[in-house]
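Here is the file protein.txt (compact mmCIF, C-alpha atoms).
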# COMPACT_ATOMS: atom_id res chain seq x y z
CA ALA A 1 -34.88 4.36 -35.99
CA GLY A 2 -33.87 7.87 -36.98
CA THR A 3 -35.16 10.59 -39.27
CA ARG A 4 -33.68 8.93 -42.38
CA PHE A 5 -36.85 6.86 -42.59
CA SER A 6 -39.18 9.84 -42.50
CA ALA A 7 -37.28 12.86 -43.87
CA GLY A 8 -38.59 13.98 -47.22
CA TYR A 9 -41.84 12.03 -46.96
CA ALA A 10 -43.96 14.49 -44.99
CA PRO A 11 -46.73 14.87 -44.22
CA LEU A 12 -46.98 11.46 -42.57
CA MET A 13 -50.16 9.91 -41.20
CA ALA A 14 -51.67 11.96 -38.39
CA GLY A 15 -52.68 10.50 -35.05
CA VAL A 16 -49.44 8.57 -34.49
CA HIS A 17 -47.43 9.43 -31.37
CA MET A 18 -44.01 8.18 -30.31
CA SER A 19 -43.18 7.42 -26.69
CA ALA A 20 -39.85 6.81 -24.98
CA PHE A 21 -38.17 3.41 -25.25
CA PRO A 22 -36.21 2.14 -22.22
CA TYR A 23 -32.79 2.61 -23.84
CA ALA A 24 -30.80 2.13 -20.65
CA TYR A 25 -27.34 2.53 -22.18
CA ARG A 26 -28.22 5.84 -23.83
CA TYR A 27 -29.54 7.28 -20.57
CA GLY A 28 -26.73 5.86 -18.47
CA TRP A 29 -29.21 4.07 -16.22
CA ASP A 30 -29.84 0.52 -15.10
CA GLU A 31 -32.61 -1.33 -16.91
CA ALA A 32 -35.17 -1.03 -14.10
CA THR A 33 -34.77 2.76 -13.97
CA ALA A 34 -35.10 3.03 -17.75
CA VAL A 35 -38.26 0.91 -17.74
CA GLU A 36 -39.84 2.99 -14.97
CA PHE A 37 -39.02 6.18 -16.87
CA ALA A 38 -40.39 4.92 -20.20
CA LEU A 39 -43.66 3.73 -18.68
CA LYS A 40 -44.13 7.05 -16.88
CA GLU A 41 -43.53 8.86 -20.17
CA LEU A 42 -46.19 6.71 -21.83
CA ASP A 43 -48.64 7.50 -19.04
CA TYR A 44 -47.85 11.20 -19.51
CA LEU A 45 -48.38 10.91 -23.27
CA LEU A 46 -51.81 9.43 -22.65
CA LYS A 47 -52.62 12.47 -20.51
CA THR A 48 -51.24 15.12 -22.85
CA ARG A 49 -51.30 13.98 -26.48
CA THR A 50 -53.69 11.09 -27.06
CA ALA A 51 -56.46 10.18 -24.64
CA PRO A 52 -56.73 6.47 -23.86
CA ASN A 53 -60.22 6.20 -25.36
CA ASP A 54 -58.92 7.86 -28.55
CA THR A 55 -55.95 5.50 -28.75
CA ALA A 56 -56.40 2.40 -30.88
CA ALA A 57 -53.28 0.48 -29.96
CA PHE A 58 -49.73 0.37 -28.71
CA LEU A 59 -47.28 -0.91 -31.35
CA ILE A 60 -43.77 -2.14 -30.49
CA GLU A 61 -41.00 -4.40 -31.75
CA PRO A 62 -40.01 -6.94 -29.05
CA ALA A 63 -36.45 -6.12 -30.08
CA LEU A 64 -35.91 -2.88 -31.95
CA GLY A 65 -34.36 -3.56 -35.34
CA ASP A 66 -33.24 -0.44 -37.17
CA GLY A 67 -33.77 1.48 -33.93
CA GLY A 68 -30.53 0.05 -32.57
CA TYR A 69 -30.93 -3.67 -31.86
CA LEU A 70 -32.41 -3.03 -28.46
CA PRO A 71 -34.27 -5.89 -26.77
CA ALA A 72 -37.38 -4.60 -25.03
CA PRO A 73 -37.03 -5.42 -21.31
CA PRO A 74 -39.66 -7.95 -20.17
CA ALA A 75 -40.91 -5.51 -17.51
CA PHE A 76 -41.56 -2.91 -20.20
CA MET A 77 -43.47 -5.34 -22.40
CA GLU A 78 -45.53 -6.41 -19.40
CA GLY A 79 -46.14 -2.78 -18.48
CA LEU A 80 -47.53 -2.18 -21.95
CA ARG A 81 -49.82 -5.18 -21.56
CA GLU A 82 -51.10 -3.85 -18.23
CA ARG A 83 -51.88 -0.46 -19.74
CA ALA A 84 -53.54 -1.95 -22.81
CA ASN A 85 -55.78 -3.99 -20.52
CA LEU A 86 -56.51 -0.98 -18.30
CA HIS A 87 -57.47 1.32 -21.15
CA ASP A 88 -59.01 -1.31 -23.47
CA ASN A 89 -56.38 -0.67 -26.17
CA LYS A 90 -54.93 -3.27 -28.50
CA LEU A 91 -51.31 -4.32 -28.07
CA ILE A 92 -49.55 -5.00 -31.39
CA PHE A 93 -46.18 -6.73 -31.64
CA ASP A 94 -44.13 -6.20 -34.79
CA GLU A 95 -42.29 -9.51 -35.17
CA VAL A 96 -40.96 -8.86 -38.67
CA GLN A 97 -37.32 -8.88 -37.53
CA ALA A 98 -37.48 -10.51 -34.09
CA GLY A 99 -39.87 -13.34 -34.95
CA VAL A 100 -39.58 -16.85 -36.40
CA GLY A 101 -36.73 -18.04 -34.19
CA ARG A 102 -34.37 -15.09 -34.50
CA THR A 103 -34.11 -14.40 -30.75
CA GLY A 104 -33.91 -17.99 -29.52
CA ARG A 105 -37.66 -18.17 -28.98
CA PHE A 106 -40.07 -18.62 -31.85
CA TRP A 107 -41.47 -15.14 -31.20
CA GLY A 108 -39.42 -12.33 -29.72
CA HIS A 109 -42.13 -11.37 -27.26
CA GLN A 110 -41.89 -14.81 -25.63
CA HIS A 111 -38.94 -13.57 -23.57
CA SER A 112 -41.58 -11.77 -21.51
CA ALA A 113 -44.95 -12.74 -20.06
CA ALA A 114 -46.75 -10.27 -22.33
CA SER A 115 -48.96 -11.54 -25.13
CA PRO A 116 -50.23 -9.46 -28.07
CA ASP A 117 -53.71 -8.81 -29.34
CA ILE A 118 -52.30 -8.57 -32.87
CA LEU A 119 -49.03 -9.96 -34.23
CA ILE A 120 -47.48 -9.03 -37.54
CA THR A 121 -44.59 -10.86 -39.22
CA ALA A 122 -42.79 -11.32 -42.53
CA LYS A 123 -39.21 -11.83 -43.81
CA GLY A 124 -37.99 -14.93 -41.97
CA ILE A 125 -41.34 -16.66 -42.25
CA ALA A 126 -40.55 -17.66 -45.85
CA SER A 127 -36.77 -17.32 -46.15
CA GLY A 128 -37.01 -14.00 -47.97
CA PHE A 129 -39.91 -14.76 -50.28
CA PRO A 130 -42.45 -11.89 -50.37
CA ILE A 131 -45.07 -12.87 -47.85
CA SER A 132 -46.34 -11.37 -44.62
CA ALA A 133 -48.89 -12.32 -42.04
CA ILE A 134 -51.20 -10.78 -39.45
CA ALA A 135 -52.46 -12.91 -36.57
CA ALA A 136 -55.23 -11.97 -34.18
CA SER A 137 -58.28 -13.44 -32.53
CA THR A 138 -61.33 -14.30 -34.58
CA GLU A 139 -63.23 -11.54 -32.77
CA THR A 140 -60.67 -8.92 -33.76
CA MET A 141 -60.27 -10.10 -37.36
CA SER A 142 -64.04 -10.28 -37.89
CA ARG A 143 -64.29 -6.51 -37.44
CA ALA A 144 -62.80 -6.01 -40.93
CA TRP A 145 -65.22 -6.01 -43.84
CA PRO A 146 -64.88 -8.97 -46.22
CA GLY A 147 -62.40 -8.09 -48.95
CA SER A 148 -61.13 -4.99 -47.17
CA GLN A 149 -57.69 -6.42 -46.40
CA GLY A 150 -55.25 -7.40 -49.12
CA GLY A 151 -52.02 -6.50 -50.84
CA THR A 152 -49.16 -7.63 -53.01
CA TYR A 153 -47.39 -9.31 -50.10
CA GLY A 154 -50.49 -11.00 -48.74
CA GLY A 155 -49.35 -14.27 -50.26
CA ASN A 156 -49.14 -16.27 -53.46
CA ALA A 157 -48.72 -19.96 -54.16
CA VAL A 158 -44.91 -19.90 -54.47
CA ALA A 159 -44.33 -17.74 -51.39
CA ALA A 160 -46.81 -19.80 -49.38
CA ALA A 161 -44.99 -22.99 -50.34
CA ALA A 162 -41.69 -21.37 -49.27
CA GLY A 163 -43.29 -20.45 -45.96
CA VAL A 164 -44.47 -24.01 -45.32
CA ALA A 165 -41.03 -25.38 -46.21
CA THR A 166 -39.25 -22.83 -44.04
CA LEU A 167 -41.36 -23.56 -40.99
CA GLY A 168 -40.82 -27.27 -41.53
CA VAL A 169 -37.04 -26.88 -41.58
CA ILE A 170 -37.08 -24.66 -38.48
CA GLU A 171 -38.99 -27.32 -36.57
CA GLU A 172 -37.21 -30.41 -37.90
CA GLU A 173 -33.69 -29.02 -37.47
CA GLY A 174 -34.31 -27.41 -34.09
CA LEU A 175 -33.27 -24.00 -35.36
CA VAL A 176 -34.96 -22.00 -32.61
CA GLU A 177 -32.84 -23.77 -30.00
CA ASN A 178 -29.80 -23.41 -32.25
CA ALA A 179 -30.41 -19.66 -32.35
CA ARG A 180 -30.48 -19.58 -28.55
CA ILE A 181 -27.28 -21.57 -28.10
CA ARG A 182 -25.32 -19.91 -30.86
CA GLY A 183 -26.64 -16.52 -29.73
CA GLU A 184 -25.18 -17.11 -26.28
CA GLN A 185 -21.86 -18.05 -27.88
CA LEU A 186 -21.94 -14.95 -30.07
CA GLN A 187 -22.75 -12.55 -27.25
CA ALA A 188 -20.12 -14.05 -24.95
CA GLY A 189 -17.51 -13.64 -27.67
CA LEU A 190 -18.57 -10.07 -28.40
CA LYS A 191 -18.33 -9.15 -24.72
CA GLU A 192 -14.79 -10.52 -24.66
CA ILE A 193 -13.97 -8.29 -27.63
CA GLN A 194 -15.65 -5.35 -25.89
CA ALA A 195 -13.37 -5.84 -22.88
CA ARG A 196 -10.34 -5.36 -25.16
CA PHE A 197 -11.60 -2.33 -27.07
CA PRO A 198 -12.99 0.65 -25.11
CA VAL A 199 -14.48 2.08 -28.31
CA ILE A 200 -17.22 -0.57 -27.94
CA GLY A 201 -19.55 0.95 -25.39
CA ASP A 202 -22.26 -1.70 -25.33
CA VAL A 203 -22.97 -5.23 -26.51
CA ARG A 204 -26.59 -6.33 -26.37
CA GLY A 205 -29.11 -8.60 -27.98
CA ILE A 206 -31.00 -11.87 -27.72
CA GLY A 207 -30.33 -14.95 -29.77
CA LEU A 208 -28.92 -14.31 -33.22
CA MET A 209 -29.76 -10.62 -33.06
CA GLN A 210 -26.74 -8.88 -31.54
CA GLY A 211 -25.88 -5.17 -31.56
CA ILE A 212 -22.47 -3.59 -30.90
CA GLU A 213 -22.61 0.12 -30.06
CA PHE A 214 -19.52 2.18 -30.78
CA THR A 215 -18.95 5.24 -28.61
CA ALA A 216 -16.05 7.67 -28.57
CA PRO A 217 -14.30 8.65 -25.32
CA GLY A 218 -16.86 10.36 -23.11
CA ALA A 219 -19.57 8.20 -24.73
CA PRO A 220 -20.83 10.27 -27.69
CA PRO A 221 -21.96 8.04 -30.59
CA ASP A 222 -19.08 7.03 -32.88
CA ALA A 223 -20.69 6.46 -36.27
CA ALA A 224 -17.37 6.82 -38.12
CA THR A 225 -15.81 3.82 -36.38
CA ALA A 226 -18.97 1.76 -36.82
CA ALA A 227 -19.00 2.54 -40.56
CA ALA A 228 -15.30 1.68 -40.89
CA VAL A 229 -15.74 -1.59 -38.99
CA GLN A 230 -18.71 -2.39 -41.22
CA GLN A 231 -16.56 -2.16 -44.34
CA ALA A 232 -13.39 -3.83 -43.07
CA PRO A 233 -14.51 -7.51 -42.90
CA THR A 234 -16.62 -7.48 -46.05
CA ALA A 235 -13.84 -8.97 -48.16
CA GLN A 236 -13.66 -11.88 -45.67
CA GLY A 237 -17.37 -12.59 -46.09
CA LEU A 238 -18.63 -10.99 -42.86
CA LEU A 239 -21.46 -8.51 -43.31
CA THR A 240 -22.13 -6.12 -40.42
CA PRO A 241 -24.81 -3.57 -41.34
CA THR A 242 -25.22 -0.58 -39.06
CA CYS A 243 -28.37 0.73 -37.39
CA GLY A 244 -29.57 3.10 -34.68
CA PRO A 245 -30.47 6.80 -34.91
CA ASP A 246 -26.78 7.76 -34.98
CA GLY A 247 -25.67 4.90 -37.23
CA ASN A 248 -23.14 3.79 -34.60
CA VAL A 249 -24.48 0.29 -33.90
CA ALA A 250 -23.08 -2.65 -35.85
CA ARG A 251 -25.37 -5.65 -35.97
CA LEU A 252 -24.55 -9.31 -36.35
CA ILE A 253 -27.47 -11.44 -37.54
CA PRO A 254 -26.23 -14.88 -38.61
CA ALA A 255 -28.55 -17.34 -40.31
CA LEU A 256 -30.52 -19.62 -38.02
CA VAL A 257 -28.50 -22.58 -39.37
CA VAL A 258 -25.17 -21.08 -38.25
CA THR A 259 -22.72 -23.50 -36.62
CA GLU A 260 -20.39 -23.20 -33.64
CA ASN A 261 -17.35 -23.00 -35.92
CA GLU A 262 -18.96 -20.33 -38.09
CA ILE A 263 -19.71 -18.18 -35.03
CA ALA A 264 -16.09 -18.57 -33.88
CA ALA A 265 -14.80 -17.60 -37.33
CA GLY A 266 -17.12 -14.62 -37.48
CA LEU A 267 -15.94 -13.38 -34.09
CA GLU A 268 -12.31 -13.63 -35.23
CA ARG A 269 -13.06 -11.58 -38.35
CA PHE A 270 -15.03 -9.01 -36.40
CA GLU A 271 -12.27 -8.55 -33.83
CA ALA A 272 -9.68 -8.26 -36.59
CA ALA A 273 -11.80 -5.55 -38.21
CA VAL A 274 -12.05 -3.58 -34.97
CA ALA A 275 -8.32 -3.93 -34.36
CA ALA A 276 -7.53 -2.78 -37.88
CA ILE A 277 -9.59 0.38 -37.41
CA VAL A 278 -8.78 1.44 -33.85
CA GLY A 279 -5.59 -0.50 -33.18
CA ALA A 280 -4.96 -3.12 -30.53
CA VAL A 281 -5.56 -1.85 -27.01
CA PRO A 282 -5.08 -3.37 -23.58
CA ALA A 283 -8.06 -4.92 -21.82
CA ARG A 284 -10.05 -2.68 -19.53
CA THR A 285 -9.16 -3.02 -15.88
CA GLY A 286 -11.75 -4.75 -13.76
CA VAL A 287 -13.36 -6.59 -16.69

Will you turn the file into structure tokens for me?
Amino acid sequence: AGTRFSAGYAPLMAGVHMSAFPYAYRYGWDEATAVEFALKELDYLLKTRTAPNDTAAFLIEPALGDGGYLPAPPAFMEGLRERANLHDNKLIFDEVQAGVGRTGRFWGHQHSAASPDILITAKGIASGFPISAIAASTETMSRAWPGSQGGTYGGNAVAAAAGVATLGVIEEEGLVENARIRGEQLQAGLKEIQARFPVIGDVRGIGLMQGIEFTAPGAPPDAATAAAVQQAPTAQGLLTPTCGPDGNVARLIPALVVTENEIAAGLERFEAAVAAIVGAVPARTGV
């Protein structure tokens, strides 16, 4: 997600190693090539930095949040599962941002065939109330000593009630399916905008978790335009926070209850913001 989350906090916990993510757009590759590269880099890491039998687990977001709104390709998720099985490591999915309907499936990892050994979630599970959850098999959870796990956000009566109510609304109102349908509408609209503005290098996402990457001519990251576009529609009620290591990815994350008309209105405001910053441009040829 960038050094802004770690700078000034050193030393951080030892024994944690980062491996490459299949960020196809950044590398200029197709998805299959990026996945093959990232899995090879993980295999190399296990040979050079952390031996498999010294490695507790692989931890990944099914769709990177602050890392740039990058959906993890199903083949990559499945490759992680294969390696976790091979080396007897745990596979942990961080579903804090991608879970609870956000991606058009209840859990973000359900876009692949991979299943986790441990799942962690929070945020959307209780509509913003402070509660989080860890799910794992009884065998895994029983390894912890009684009373060894706890914390401020482990739950309280009010937050638990909010969680029950939230899950009830998601089920009763079909909000997971709504996220899928409205997400398709949102991405289609964003790709139409991309075709008219070359400063938008990539549009990506799943469900109501869409990222718009701004790149200058020649494709270097364009954080200045992303920041300007973020500010422009605020007065019209459209919030577009930025993310990614370079801060050049705008993200659109409507509420799960968003309607067709609201998506259409949001797209109009977003396009107007882009046009106001970079000026109207002709559509790309061949798009």

Exercise for the section: May I have the residues within 10 Å of A:Leu267 as a PyMOL selection string, using all atoms listed in the file and disregarding those fewer than 4 positions away in the same chain? Expected result: chain A and resi 185-187+189-190+192-193+238+252+261-263+271-273

Handout entry: Option closest in space to A:Ala161, from A:Pro198, A:Gly104, A:Pro130, A:Pro73 [counting all atoms listed in the file]
Key =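 For A:Ala161, the nearest of the given residues is A:Pro130.
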
Exercise for the section: Considering only C-alpha atoms, state which residue in the set A:Glu171, A:Glu184, A:Glu260, A:Val278 is at the smallest distance from A:Asp222. Expected result: A:Val278

Handout entry: Shell around A:Leu39 at 12 Å using only C-alpha atoms, local window under 3 positions removed, as JSON, numbers by chain
Key = {"A": [19, 20, 21, 22, 32, 33, 34, 35, 36, 42, 43, 44, 45, 46, 73, 75, 76, 77, 78, 79, 80, 81, 82, 83]}

Handout entry: Near-A:Val158 list (12 Å; only C-alpha atoms; drop same-chain fewer than 5 positions) as a PyMOL selection string
Key = chain A and resi 126-131+153+163-165

Exercise for the section: Can you work out the spacing between atom CA of A:Thr138 and atom CA of A:Ala162 in Å, to one decimal? Expected result: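 Distance between the two atoms: 25.5 Å.
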
Around all of stretch 165-178 of chain A's listed atoms, make the axis-aligned box with 6 Å on each side and tell me centre and edge lengths in Å to one decimal, as JSON.
{"center_x": -35.6, "center_y": -26.2, "center_z": -38.1, "size_x": 23.6, "size_y": 20.4, "size_z": 28.2}

Problem - Point-to-point distance in Å for atom CA of A:Glu61 and atom CA of A:Val16 - result: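 Taking atom CA of A:Val16 and atom CA of A:Glu61, their separation equals 15.7 Å.
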